[in-house]
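Participant: My structure is stored as coords.txt, with compact mmCIF, C-alpha atoms.
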# COMPACT_ATOMS: atom_id res chain seq x y z
CA MET A 1222 22.29 20.70 10.73
CA VAL A 1223 18.90 21.08 12.36
CA ASP A 1224 16.08 22.01 9.96
CA VAL A 1225 12.96 23.95 10.86
CA TRP A 1226 9.85 23.98 8.69
CA ARG A 1227 7.58 26.80 9.83
CA ASN A 1228 4.49 28.79 8.84
CA ALA A 1229 2.51 25.69 7.92
CA HIS A 1230 -0.75 23.97 8.79
CA LEU A 1231 -0.02 20.45 10.03
CA ILE A 1232 -2.20 17.36 9.69
CA THR A 1233 -0.41 15.12 12.16
CA VAL A 1234 -2.79 12.10 12.05
CA ALA A 1235 -1.29 11.37 15.45
CA SER A 1236 -4.42 10.16 17.25
CA ASP A 1237 -6.98 7.49 16.41
CA ARG A 1238 -9.81 10.02 16.39
CA GLU A 1239 -12.23 10.02 13.47
CA THR A 1240 -11.48 13.70 12.79
CA LEU A 1241 -8.24 15.12 11.41
CA ASP A 1242 -5.57 16.20 13.88
CA ILE A 1243 -4.76 19.73 12.72
CA ILE A 1244 -2.25 22.21 14.09
CA GLU A 1245 -2.72 25.61 12.49
CA ASN A 1246 0.32 27.89 12.32
CA GLY A 1247 2.48 24.91 13.08
CA ALA A 1248 6.13 24.02 12.73
CA ILE A 1249 8.40 20.99 12.50
CA ILE A 1250 11.96 20.52 13.72
CA VAL A 1251 14.04 17.84 12.02
CA ASP A 1252 17.37 16.58 13.35
CA ASP A 1253 19.37 13.69 11.91
CA GLY A 1254 16.45 12.52 9.80
CA GLN A 1255 13.98 12.36 12.69
CA LEU A 1256 11.13 14.57 13.81
CA GLN A 1257 12.20 16.34 17.00
CA PHE A 1258 9.29 18.76 17.38
CA VAL A 1259 5.78 18.92 15.89
CA GLY A 1260 3.53 21.63 17.25
CA PRO A 1261 2.46 25.27 17.23
CA GLU A 1262 5.08 27.64 15.88
CA ALA A 1263 4.63 29.78 19.00
CA LEU A 1264 6.20 26.97 21.04
CA LEU A 1265 9.36 26.68 18.93
CA PRO A 1266 12.56 26.96 21.00
CA ARG A 1267 13.78 30.35 19.76
CA GLU A 1268 17.47 29.79 20.40
CA LEU A 1269 17.37 26.57 18.40
CA VAL A 1270 15.61 28.31 15.51
CA LYS A 1271 18.31 30.98 15.33
CA SER A 1272 20.99 28.36 14.71
CA SER A 1273 18.92 26.22 12.34
CA ARG A 1274 18.23 26.12 8.64
CA THR A 1275 14.66 27.40 8.25
CA THR A 1276 12.11 26.81 5.49
CA ASP A 1277 9.09 29.12 5.31
CA CYS A 1278 6.16 27.04 4.05
CA GLU A 1279 4.14 30.20 3.34
CA GLY A 1280 0.95 28.89 4.87
CA ARG A 1281 0.93 25.59 2.99
CA TRP A 1282 -0.29 22.32 4.48
CA ILE A 1283 1.91 19.45 5.63
CA THR A 1284 0.88 15.83 6.04
CA PRO A 1285 2.85 12.67 6.75
CA ALA A 1286 4.29 11.27 3.54
CA LEU A 1287 1.79 9.05 1.78
CA ILE A 1288 2.14 5.27 1.98
CA ASP A 1289 0.97 2.84 -0.69
CA CYS A 1290 0.47 -0.33 1.34
CA HIS A 1291 -0.66 -2.70 -1.44
CA THR A 1292 1.06 -2.84 -4.84
CA HIS A 1293 2.25 -5.35 -7.41
CA LEU A 1294 4.69 -2.79 -8.79
CA VAL A 1295 7.30 -5.27 -10.04
CA HIS A 1296 6.14 -7.26 -13.05
CA GLY A 1297 6.69 -7.78 -16.75
CA GLY A 1298 4.37 -6.88 -19.62
CA ASN A 1299 0.81 -5.62 -19.37
CA ARG A 1300 -2.73 -6.92 -19.74
CA ALA A 1301 -4.30 -4.18 -21.82
CA ARG A 1302 -6.15 -6.77 -23.93
CA GLU A 1303 -8.28 -7.66 -20.92
CA ILE A 1304 -9.94 -4.26 -21.07
CA GLN A 1305 -11.54 -5.30 -24.34
CA MET A 1306 -12.55 -8.65 -22.87
CA ARG A 1307 -14.30 -6.88 -20.01
CA LEU A 1308 -16.01 -4.54 -22.43
CA GLU A 1309 -17.35 -7.62 -24.18
CA GLY A 1310 -18.84 -8.79 -20.90
CA ALA A 1311 -16.23 -11.15 -19.45
CA THR A 1312 -15.88 -11.15 -15.66
CA TYR A 1313 -12.58 -11.27 -13.78
CA GLU A 1314 -13.20 -14.91 -12.95
CA GLU A 1315 -14.06 -15.78 -16.57
CA ILE A 1316 -10.91 -14.06 -17.83
CA ALA A 1317 -8.79 -15.93 -15.29
CA ARG A 1318 -10.31 -19.29 -16.14
CA ALA A 1319 -9.69 -18.59 -19.85
CA GLY A 1320 -5.96 -18.22 -19.20
CA GLY A 1321 -5.93 -14.49 -18.61
CA GLY A 1322 -5.54 -12.67 -15.34
CA ILE A 1323 -2.60 -13.37 -13.05
CA VAL A 1324 -1.27 -16.34 -14.99
CA SER A 1325 -1.03 -14.28 -18.18
CA SER A 1326 1.49 -11.97 -16.49
CA VAL A 1327 3.71 -14.86 -15.48
CA LYS A 1328 5.33 -15.47 -18.87
CA ALA A 1329 6.27 -11.83 -19.31
CA THR A 1330 7.65 -11.59 -15.78
CA ASN A 1331 9.65 -14.81 -16.05
CA ALA A 1332 11.29 -13.52 -19.23
CA LEU A 1333 12.95 -10.60 -17.41
CA THR A 1334 16.14 -10.45 -15.39
CA VAL A 1335 16.28 -8.67 -12.03
CA ASP A 1336 17.72 -5.57 -13.69
CA GLN A 1337 15.03 -5.63 -16.37
CA LEU A 1338 12.33 -5.95 -13.72
CA VAL A 1339 13.83 -2.94 -11.95
CA GLU A 1340 13.92 -0.94 -15.18
CA SER A 1341 10.30 -1.82 -15.88
CA ALA A 1342 9.16 -0.85 -12.38
CA LEU A 1343 11.01 2.46 -12.04
CA PRO A 1344 8.54 4.57 -14.06
CA ARG A 1345 5.67 3.28 -11.95
CA LEU A 1346 7.57 3.93 -8.75
CA ASP A 1347 8.58 7.43 -9.87
CA THR A 1348 4.96 8.29 -10.58
CA LEU A 1349 3.97 7.32 -7.05
CA LEU A 1350 6.85 9.27 -5.54
CA SER A 1351 5.92 12.36 -7.52
CA GLU A 1352 2.61 12.47 -5.62
CA GLY A 1353 4.17 12.46 -2.17
CA VAL A 1354 4.52 8.72 -1.55
CA SER A 1355 7.59 7.73 0.48
CA THR A 1356 6.80 4.14 1.50
CA VAL A 1357 5.65 1.45 -0.94
CA GLU A 1358 4.77 -2.19 -0.37
CA ILE A 1359 5.74 -4.45 -3.29
CA LYS A 1360 4.57 -8.03 -3.70
CA SER A 1361 5.95 -10.95 -5.64
CA GLY A 1362 3.38 -13.28 -7.20
CA TYR A 1363 3.91 -13.13 -10.95
CA GLY A 1364 6.76 -15.64 -11.00
CA LEU A 1365 5.01 -18.77 -9.69
CA ASN A 1366 8.32 -20.61 -9.53
CA VAL A 1367 10.99 -20.25 -6.90
CA THR A 1368 13.60 -18.45 -9.00
CA ALA A 1369 11.19 -15.92 -10.48
CA GLU A 1370 9.53 -15.19 -7.15
CA LEU A 1371 12.92 -14.49 -5.60
CA ASN A 1372 13.91 -12.31 -8.55
CA MET A 1373 10.82 -10.15 -8.07
CA LEU A 1374 11.75 -9.60 -4.43
CA ARG A 1375 15.36 -8.90 -5.36
CA ALA A 1376 14.14 -6.28 -7.81
CA ALA A 1377 11.96 -4.72 -5.11
CA ARG A 1378 14.90 -4.51 -2.73
CA LYS A 1379 17.07 -2.94 -5.45
CA LEU A 1380 14.50 -0.19 -6.08
CA GLU A 1381 15.11 1.03 -2.55
CA THR A 1382 18.78 1.61 -3.40
CA LEU A 1383 17.94 3.65 -6.49
CA ARG A 1384 15.30 6.03 -5.15
CA PRO A 1385 14.62 7.87 -1.87
CA VAL A 1386 11.88 5.48 -0.77
CA ARG A 1387 11.16 2.85 1.87
CA ILE A 1388 10.18 -0.52 0.36
CA ALA A 1389 8.29 -3.23 2.24
CA THR A 1390 8.24 -6.60 0.48
CA SER A 1391 5.52 -9.25 0.59
CA TYR A 1392 6.02 -12.81 -0.58
CA LEU A 1393 2.96 -13.75 -2.66
CA ALA A 1394 3.77 -17.01 -4.40
CA ALA A 1395 0.30 -18.18 -3.26
CA HIS A 1396 -1.23 -15.84 -5.83
CA ALA A 1397 -2.29 -18.33 -8.51
CA THR A 1398 -1.52 -21.87 -9.61
CA PRO A 1399 0.59 -22.20 -12.79
CA ALA A 1400 -0.62 -24.42 -15.62
CA GLU A 1401 1.75 -27.27 -14.79
CA TYR A 1402 0.16 -27.55 -11.34
CA LYS A 1403 -3.45 -27.20 -12.45
CA GLY A 1404 -5.67 -29.12 -10.05
CA ARG A 1405 -2.72 -29.73 -7.70
CA ASN A 1406 -2.70 -26.76 -5.39
CA ASP A 1407 -1.26 -28.72 -2.49
CA ASP A 1408 1.68 -29.88 -4.59
CA TYR A 1409 2.29 -26.32 -5.78
CA ILE A 1410 2.29 -25.05 -2.21
CA SER A 1411 4.76 -27.75 -1.16
CA ASP A 1412 7.07 -27.52 -4.16
CA VAL A 1413 7.06 -23.78 -4.83
CA VAL A 1414 5.35 -21.65 -2.20
CA LEU A 1415 6.90 -23.11 0.93
CA THR A 1416 10.26 -23.87 -0.68
CA GLY A 1417 10.47 -20.37 -2.08
CA LEU A 1418 9.42 -18.83 1.22
CA ASP A 1419 12.25 -20.59 3.04
CA ALA A 1420 14.72 -19.36 0.42
CA ALA A 1421 13.36 -15.79 0.46
CA HIS A 1422 13.55 -15.65 4.24
CA ALA A 1423 17.09 -17.00 4.25
CA GLU A 1424 18.13 -14.29 1.78
CA GLY A 1425 16.43 -11.54 3.77
CA LEU A 1426 14.04 -10.70 0.95
CA VAL A 1427 10.69 -10.91 2.68
CA ASP A 1428 9.04 -8.61 5.21
CA ALA A 1429 5.59 -10.25 5.17
CA VAL A 1430 3.79 -13.22 3.61
CA ASP A 1431 0.66 -12.75 1.51
CA GLY A 1432 -1.83 -14.99 -0.28
CA PHE A 1433 -4.94 -14.87 -2.47
CA CYS A 1434 -7.87 -16.63 -0.83
CA GLU A 1435 -10.54 -17.04 -3.50
CA GLY A 1436 -12.34 -19.66 -5.56
CA ILE A 1437 -9.98 -19.02 -8.50
CA ALA A 1438 -6.95 -19.13 -6.23
CA PHE A 1439 -6.51 -20.85 -2.83
CA SER A 1440 -8.81 -22.10 -0.10
CA THR A 1441 -8.54 -21.14 3.55
CA ALA A 1442 -7.03 -24.54 4.33
CA GLU A 1443 -4.37 -24.07 1.67
CA ILE A 1444 -3.58 -20.54 2.82
CA ALA A 1445 -3.35 -21.79 6.40
CA ARG A 1446 -0.45 -24.04 5.35
CA VAL A 1447 1.40 -20.98 4.06
CA PHE A 1448 0.62 -18.96 7.17
CA GLU A 1449 1.85 -21.76 9.42
CA ARG A 1450 5.23 -21.67 7.68
CA ALA A 1451 5.31 -17.88 7.93
CA LYS A 1452 4.54 -18.15 11.65
CA ALA A 1453 7.35 -20.67 12.10
CA LEU A 1454 9.75 -18.23 10.41
CA GLY A 1455 8.56 -15.32 12.54
CA LEU A 1456 7.09 -13.45 9.57
CA PRO A 1457 3.84 -11.45 9.69
CA VAL A 1458 1.06 -12.27 7.24
CA LYS A 1459 -1.56 -10.46 5.18
CA LEU A 1460 -4.23 -11.69 2.77
CA HIS A 1461 -6.21 -10.87 -0.37
CA ALA A 1462 -9.63 -11.77 0.99
CA GLU A 1463 -13.33 -11.60 0.16
CA GLN A 1464 -12.82 -9.86 -3.19
CA LEU A 1465 -15.11 -12.03 -5.31
CA SER A 1466 -16.86 -14.14 -2.68
CA ASN A 1467 -16.84 -14.78 1.06
CA LEU A 1468 -14.67 -17.78 1.85
CA GLY A 1469 -13.84 -16.65 5.37
CA GLY A 1470 -10.42 -15.35 4.41
CA ALA A 1471 -10.68 -12.29 6.62
CA LYS A 1472 -11.44 -14.40 9.68
CA LEU A 1473 -8.52 -16.67 8.80
CA ALA A 1474 -6.21 -13.68 8.47
CA ALA A 1475 -7.42 -12.28 11.78
CA SER A 1476 -6.84 -15.63 13.50
CA TYR A 1477 -3.15 -15.29 12.57
CA GLY A 1478 -2.98 -11.68 13.73
CA ALA A 1479 -2.48 -10.54 10.14
CA LEU A 1480 -1.22 -7.05 9.42
CA SER A 1481 -4.01 -6.58 6.88
CA ALA A 1482 -6.82 -8.14 4.90
CA ASP A 1483 -7.28 -6.51 1.50
CA HIS A 1484 -10.15 -5.94 -0.99
CA LEU A 1485 -13.05 -7.17 1.23
CA GLU A 1486 -16.00 -6.43 -1.06
CA TYR A 1487 -17.80 -9.54 0.24
CA LEU A 1488 -16.81 -9.14 3.89
CA ASP A 1489 -19.57 -9.80 6.43
CA ALA A 1490 -20.12 -8.42 9.93
CA GLU A 1491 -18.50 -11.43 11.56
CA GLY A 1492 -15.38 -10.95 9.45
CA ALA A 1493 -15.28 -7.22 10.20
CA ALA A 1494 -15.52 -7.92 13.92
CA ALA A 1495 -12.68 -10.44 13.66
CA LEU A 1496 -10.47 -7.89 11.92
CA ALA A 1497 -11.19 -5.25 14.54
CA LYS A 1498 -10.50 -7.61 17.44
CA ALA A 1499 -7.20 -8.75 15.92
CA GLY A 1500 -6.08 -5.23 14.98
CA THR A 1501 -5.89 -6.34 11.35
CA VAL A 1502 -6.20 -3.38 8.99
CA ALA A 1503 -8.90 -3.48 6.30
CA VAL A 1504 -7.19 -2.27 3.11
CA LEU A 1505 -9.63 -0.96 0.52
CA LEU A 1506 -8.58 -1.05 -3.13
CA PRO A 1507 -10.94 1.13 -5.20
CA GLY A 1508 -8.72 0.93 -8.29
CA ALA A 1509 -9.52 -2.76 -8.71
CA PHE A 1510 -13.21 -2.16 -8.01
CA TYR A 1511 -13.24 0.55 -10.70
CA ALA A 1512 -11.20 -1.34 -13.31
CA LEU A 1513 -13.27 -4.48 -12.91
CA ARG A 1514 -16.52 -2.47 -12.97
CA GLU A 1515 -17.66 -4.26 -9.85
CA GLU A 1516 -21.00 -3.46 -8.28
CA ARG A 1517 -20.61 -4.72 -4.71
CA VAL A 1518 -18.78 -2.14 -2.61
CA PRO A 1519 -16.85 -3.04 0.55
CA PRO A 1520 -19.02 -2.73 3.68
CA VAL A 1521 -17.45 0.48 4.94
CA GLN A 1522 -20.16 1.18 7.53
CA THR A 1523 -19.87 -2.37 8.84
CA LEU A 1524 -16.13 -1.82 9.27
CA ARG A 1525 -16.82 1.46 11.07
CA ASP A 1526 -19.39 -0.16 13.35
CA ALA A 1527 -16.87 -2.86 14.24
CA ARG A 1528 -14.22 -0.15 14.79
CA ALA A 1529 -11.89 -1.80 12.33
CA ARG A 1530 -9.06 0.28 10.92
CA ILE A 1531 -9.26 1.26 7.25
CA ALA A 1532 -6.40 1.90 4.83
CA ILE A 1533 -6.43 2.93 1.16
CA ALA A 1534 -4.00 1.69 -1.51
CA THR A 1535 -3.62 1.60 -5.29
CA ASP A 1536 -3.27 -2.18 -5.83
CA CYS A 1537 -1.04 -1.12 -8.74
CA ASN A 1538 -0.85 -4.19 -10.98
CA PRO A 1539 -0.81 -4.99 -14.71
CA GLY A 1540 -4.36 -6.27 -14.98
CA THR A 1541 -7.08 -5.40 -12.50
CA SER A 1542 -5.77 -2.07 -11.19
CA PRO A 1543 -3.22 -0.45 -13.52
CA LEU A 1544 -3.23 2.56 -11.22
CA THR A 1545 -0.12 4.51 -10.22
CA SER A 1546 -1.83 7.38 -8.40
CA LEU A 1547 -2.54 7.12 -4.69
CA LEU A 1548 -4.25 10.52 -4.85
CA LEU A 1549 -6.69 9.10 -7.40
CA ALA A 1550 -7.19 5.99 -5.27
CA MET A 1551 -8.15 8.32 -2.40
CA ASN A 1552 -10.62 10.15 -4.64
CA LEU A 1553 -12.13 6.84 -5.76
CA ALA A 1554 -12.44 5.67 -2.15
CA VAL A 1555 -14.44 8.76 -1.29
CA THR A 1556 -16.51 8.77 -4.48
CA LEU A 1557 -17.23 5.06 -4.85
CA PHE A 1558 -17.03 3.73 -1.29
CA GLY A 1559 -18.22 6.68 0.79
CA VAL A 1560 -15.02 6.90 2.83
CA THR A 1561 -14.68 10.29 4.51
CA VAL A 1562 -11.89 12.79 3.87
CA ALA A 1563 -10.47 12.16 7.35
CA GLU A 1564 -10.62 8.38 6.89
CA CYS A 1565 -8.96 8.72 3.51
CA ILE A 1566 -6.03 10.82 4.69
CA ALA A 1567 -5.51 8.59 7.72
CA GLY A 1568 -5.92 5.55 5.46
CA ALA A 1569 -3.09 6.62 3.16
CA THR A 1570 -0.77 7.53 6.04
CA ARG A 1571 -1.26 6.22 9.58
CA GLU A 1572 -3.36 3.15 8.78
CA ALA A 1573 -1.27 2.29 5.73
CA ALA A 1574 1.80 2.32 7.96
CA ARG A 1575 -0.04 0.08 10.43
CA ALA A 1576 -0.93 -2.30 7.58
CA LEU A 1577 2.79 -2.73 6.91
CA GLY A 1578 3.88 -3.01 10.54
CA LEU A 1579 5.72 0.31 10.21
CA LEU A 1580 3.66 2.61 12.42
CA HIS A 1581 6.53 2.79 14.90
CA ALA A 1582 8.67 4.45 12.23
CA THR A 1583 6.44 6.48 9.92
CA GLY A 1584 2.85 7.35 9.01
CA THR A 1585 2.24 10.21 11.47
CA LEU A 1586 3.88 13.50 12.37
CA GLU A 1587 5.19 12.75 15.86
CA ALA A 1588 8.49 13.41 17.57
CA GLY A 1589 10.79 10.42 17.34
CA LYS A 1590 9.55 9.16 13.98
CA SER A 1591 11.27 9.36 10.62
CA ALA A 1592 10.93 12.82 9.07
CA ASP A 1593 8.80 11.67 6.14
CA PHE A 1594 6.35 14.39 5.15
CA VAL A 1595 4.83 16.30 2.25
CA VAL A 1596 4.24 20.01 1.77
CA TRP A 1597 1.12 20.60 -0.33
CA ASN A 1598 -0.13 23.53 -2.39
CA ILE A 1599 -3.61 23.40 -0.88
CA LYS A 1600 -5.82 25.62 1.25
CA HIS A 1601 -7.99 22.87 2.75
CA PRO A 1602 -7.37 19.16 3.44
CA ALA A 1603 -10.27 18.10 1.19
CA GLU A 1604 -8.28 19.37 -1.80
CA LEU A 1605 -6.12 16.25 -1.51
CA ILE A 1606 -9.19 14.19 -2.30
CA TYR A 1607 -11.51 16.04 -4.62
CA ARG A 1608 -9.37 16.88 -7.66
CA ILE A 1609 -8.97 14.28 -10.39
CA GLY A 1610 -5.73 14.20 -12.35
CA PHE A 1611 -4.16 17.15 -10.50
CA ASN A 1612 -1.07 16.93 -8.32
CA PRO A 1613 -0.83 19.61 -5.60
CA LEU A 1614 2.57 18.49 -4.30
CA HIS A 1615 4.98 21.30 -3.41
CA SER A 1616 7.82 19.28 -1.89
CA ARG A 1617 8.53 15.85 -0.46
CA VAL A 1618 10.78 15.21 2.52
CA PHE A 1619 12.11 11.72 3.19
CA LYS A 1620 14.19 10.93 6.27
CA GLY A 1621 14.65 14.65 6.78
CA LYS A 1622 15.90 15.46 3.28
CA LYS A 1623 13.98 17.29 0.58
CA VAL A 1624 13.97 14.89 -2.35
CA SER A 1625 12.84 14.70 -5.94
CA PRO A 1626 10.59 13.32 -7.18
Please render this file's structure as structure tokens.
Facilitator:
Amino acid sequence: MVDVWRNAHLITVASDRETLDIIENGAIIVDDGQLQFVGPEALLPRELVKSSRTTDCEGRWITPALIDCHTHLVHGGNRAREIQMRLEGATYEEIARAGGGIVSSVKATNALTVDQLVESALPRLDTLLSEGVSTVEIKSGYGLNVTAELNMLRAARKLETLRPVRIATSYLAAHATPAEYKGRNDDYISDVVLTGLDAAHAEGLVDAVDGFCEGIAFSTAEIARVFERAKALGLPVKLHAEQLSNLGGAKLAASYGALSADHLEYLDAEGAAALAKAGTVAVLLPGAFYALREERVPPVQTLRDARARIAIATDCNPGTSPLTSLLLAMNLAVTLFGVTVAECIAGATREAARALGLLHATGTLEAGKSADFVVWNIKHPAELIYRIGFNPLHSRVFKGKKVSP
């Protein structure tokens, strides 16, 4: 059955222009889960409409389904105690060096089975879906041993079978060094990161390879070892870079043609230019900036000047960004970083899809792509950004089917 969605205002995000691509009084034709027509309602093929199932959107707005391109959704436990530590003046780096941070989530995650990890993650996933998200990236990185890293990815894959959602997995064993490898990063990379990556690839669990390039994590030389193995396996890479300092992670990521470089508070002009030249998406994570009470904002204007692409994501994780609202992340990006409404909407759709290597399939309203879109109870696009704690979702369509949440 062919479906027609009519009497709507469409934000297609189909071009790379800095303004929104809007079709007023627009319509969408969906056939077999794909977009067949996106355009003015006046151009609808009338004979086709007569034989189709039609939904009157009553003047509502439609955007591509939202995409959260950076999450740590699968994990055990929480790190609520660190809020108090930060209130007492401890920095992220000080908390990490005191045994908190990433390593403190490892014990809780290792204690859970795959099914328990799935059960723990489902409420977080459902919250994202309820706001119009249809594609979610999920990283490993809280196992820090081969078995646990694989279990996190297995849990991520299983989520896709339980909910109407597209999951992209990222292998992030190079996230932190466990206590037993303290001071032996190279050994950890050899014994766990590379061994686990081979196993994850063989099992079909990994879509991309990630790492954390920072003074409290891994150097560019150490990350390069991981990226070389990813390259040998034919896997794309991405990188947590320039969050707390500038180690040149963004330039390293760009040199490998990375899908994205994420955080970027300490990015410089040279790094921004490298990202733009490589087509590597700059993923901004205002939830972490807010939770950590950071003061140095990402150089958004520098990214614009370099013509780098910008995406927005939640960075949903148990410690530094316990955020399960992409709509709020968009509001924070505008409020804290000065990102525009158009950049924000594109950043949570088209550019987020690009950051996952999925722009061929989703992220814009264009004929031939998956029919992933959201109908919103709004009268102006800026309403998606300006409200705090309000969800204007009317309906979510994934692969051509109206789904809930």
Participant: Would you mind telling me which residue in A:Ala1482, A:Ala1512, A:Ala1319, A:Ile1606 lies nearest to Ala1495 (chain A) when using all atoms listed in the file?
Facilitator: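 So, comparing all the options, the nearest one is A:Ala1482.
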Participant: Env of Leu1468 (chain A): 12 Å cut, atoms = all atoms listed in the file, seq-sep filter 3 positions within chain, self excluded. Answer as a PyMOL selection string.
Facilitator: chain A and resi 1433-1442+1444+1461-1465+1471-1474+1485-1489+1492
Participant: Please indicate the distance in Å from CA of Thr1330 (chain A) to CA of Arg1384 (chain A), rounded to one decimal place.
Facilitator: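 We find that CA of Thr1330 (chain A) and CA of Arg1384 (chain A) lie 22.0 Å from each other.
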Participant: Build an axis-aligned box that encloses every atom of region 1378-1385 of chain A listed in the file, pad it by 5 Å on each side, and report its centre and edge lengths in Å to one decimal, as lines of an AutoDock Vina configuration file.
Facilitator:
center_x = 16.6
center_y = 1.7
center_z = -4.2
size_x = 14.3
size_y = 22.4
size_z = 14.6
Participant: Counting all atoms listed in the file, figure out which residue out of A:Thr1356, A:Asn1598, A:Thr1312, A:Thr1398 gets nearest to Leu1513 (chain A).
Facilitator: A:Thr1312
Participant: Quick one: residues within 6 Å of region 1225-1231 of chain A, all atoms listed in the file, excluding same-chain residues fewer than 4 positions away - as number ranges by chain?
Facilitator: A: 1243-1250, 1275-1283
Participant: Restricting the calculation to only C-alpha atoms: of A:Lys1452, A:Arg1446, A:His1396, A:Lys1498, which residue gets closest to Asp1431 (chain A)?
Facilitator: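 The shortest atom-to-atom distance to Asp1431 (chain A) comes from A:His1396.
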Participant: What would the list of residues within 9 Å of (-10.8, 7.3, 5.1) (file frame) look like as a PDB file with C-alpha atoms, keeping the file's coordinate frame, if all atoms listed in the file are what count?
Facilitator:
ATOM      1  CA  GLU A1239     -12.230  10.020  13.470  1.00  0.00           C
ATOM      2  CA  ILE A1531      -9.260   1.260   7.250  1.00  0.00           C
ATOM      3  CA  ALA A1532      -6.400   1.900   4.830  1.00  0.00           C
ATOM      4  CA  ILE A1533      -6.430   2.930   1.160  1.00  0.00           C
ATOM      5  CA  MET A1551      -8.150   8.320  -2.400  1.00  0.00           C
ATOM      6  CA  ALA A1554     -12.440   5.670  -2.150  1.00  0.00           C
ATOM      7  CA  VAL A1555     -14.440   8.760  -1.290  1.00  0.00           C
ATOM      8  CA  GLY A1559     -18.220   6.680   0.790  1.00  0.00           C
ATOM      9  CA  VAL A1560     -15.020   6.900   2.830  1.00  0.00           C
ATOM     10  CA  THR A1561     -14.680  10.290   4.510  1.00  0.00           C
ATOM     11  CA  VAL A1562     -11.890  12.790   3.870  1.00  0.00           C
ATOM     12  CA  ALA A1563     -10.470  12.160   7.350  1.00  0.00           C
ATOM     13  CA  GLU A1564     -10.620   8.380   6.890  1.00  0.00           C
ATOM     14  CA  CYS A1565      -8.960   8.720   3.510  1.00  0.00           C
ATOM     15  CA  ILE A1566      -6.030  10.820   4.690  1.00  0.00           C
ATOM     16  CA  ALA A1567      -5.510   8.590   7.720  1.00  0.00           C
ATOM     17  CA  GLY A1568      -5.920   5.550   5.460  1.00  0.00           C
ATOM     18  CA  ALA A1569      -3.090   6.620   3.160  1.00  0.00           C
TER      19      ALA A1569
END
Participant: Which is closer to Ala1397 (chain A) than all the others in A:Ala1369, A:Ile1323, A:Leu1456, A:Ala1534, using all atoms listed in the file?
Facilitator: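 Smallest separation from Ala1397 (chain A) among the options: A:Ile1323.
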Participant: Neighbours of Ser1325 (chain A) within 9 Å (only C-alpha atoms; same-chain residues fewer than 6 positions away dropped), as JSON, numbers by chain?
Facilitator: {"A": [1299, 1300, 1317, 1363]}
Participant: How about saving the chosen residues, C-alpha atoms kept, as a compact mmCIF listing (two decimals), keeping the file's coordinate frame?
Facilitator:
# COMPACT_ATOMS: atom_id res chain seq x y z
CA ASN A 1299 0.81 -5.62 -19.37
CA ARG A 1300 -2.73 -6.92 -19.74
CA ALA A 1317 -8.79 -15.93 -15.29
CA TYR A 1363 3.91 -13.13 -10.95
Participant: Calculated over all atoms listed in the file, which of the candidates A:Thr1523, A:Thr1240, A:Asn1372, A:Asn1467 has the smallest distance to Ala1420 (chain A)?
Facilitator: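 Result for the nearest residue to Ala1420 (chain A): A:Asn1372.
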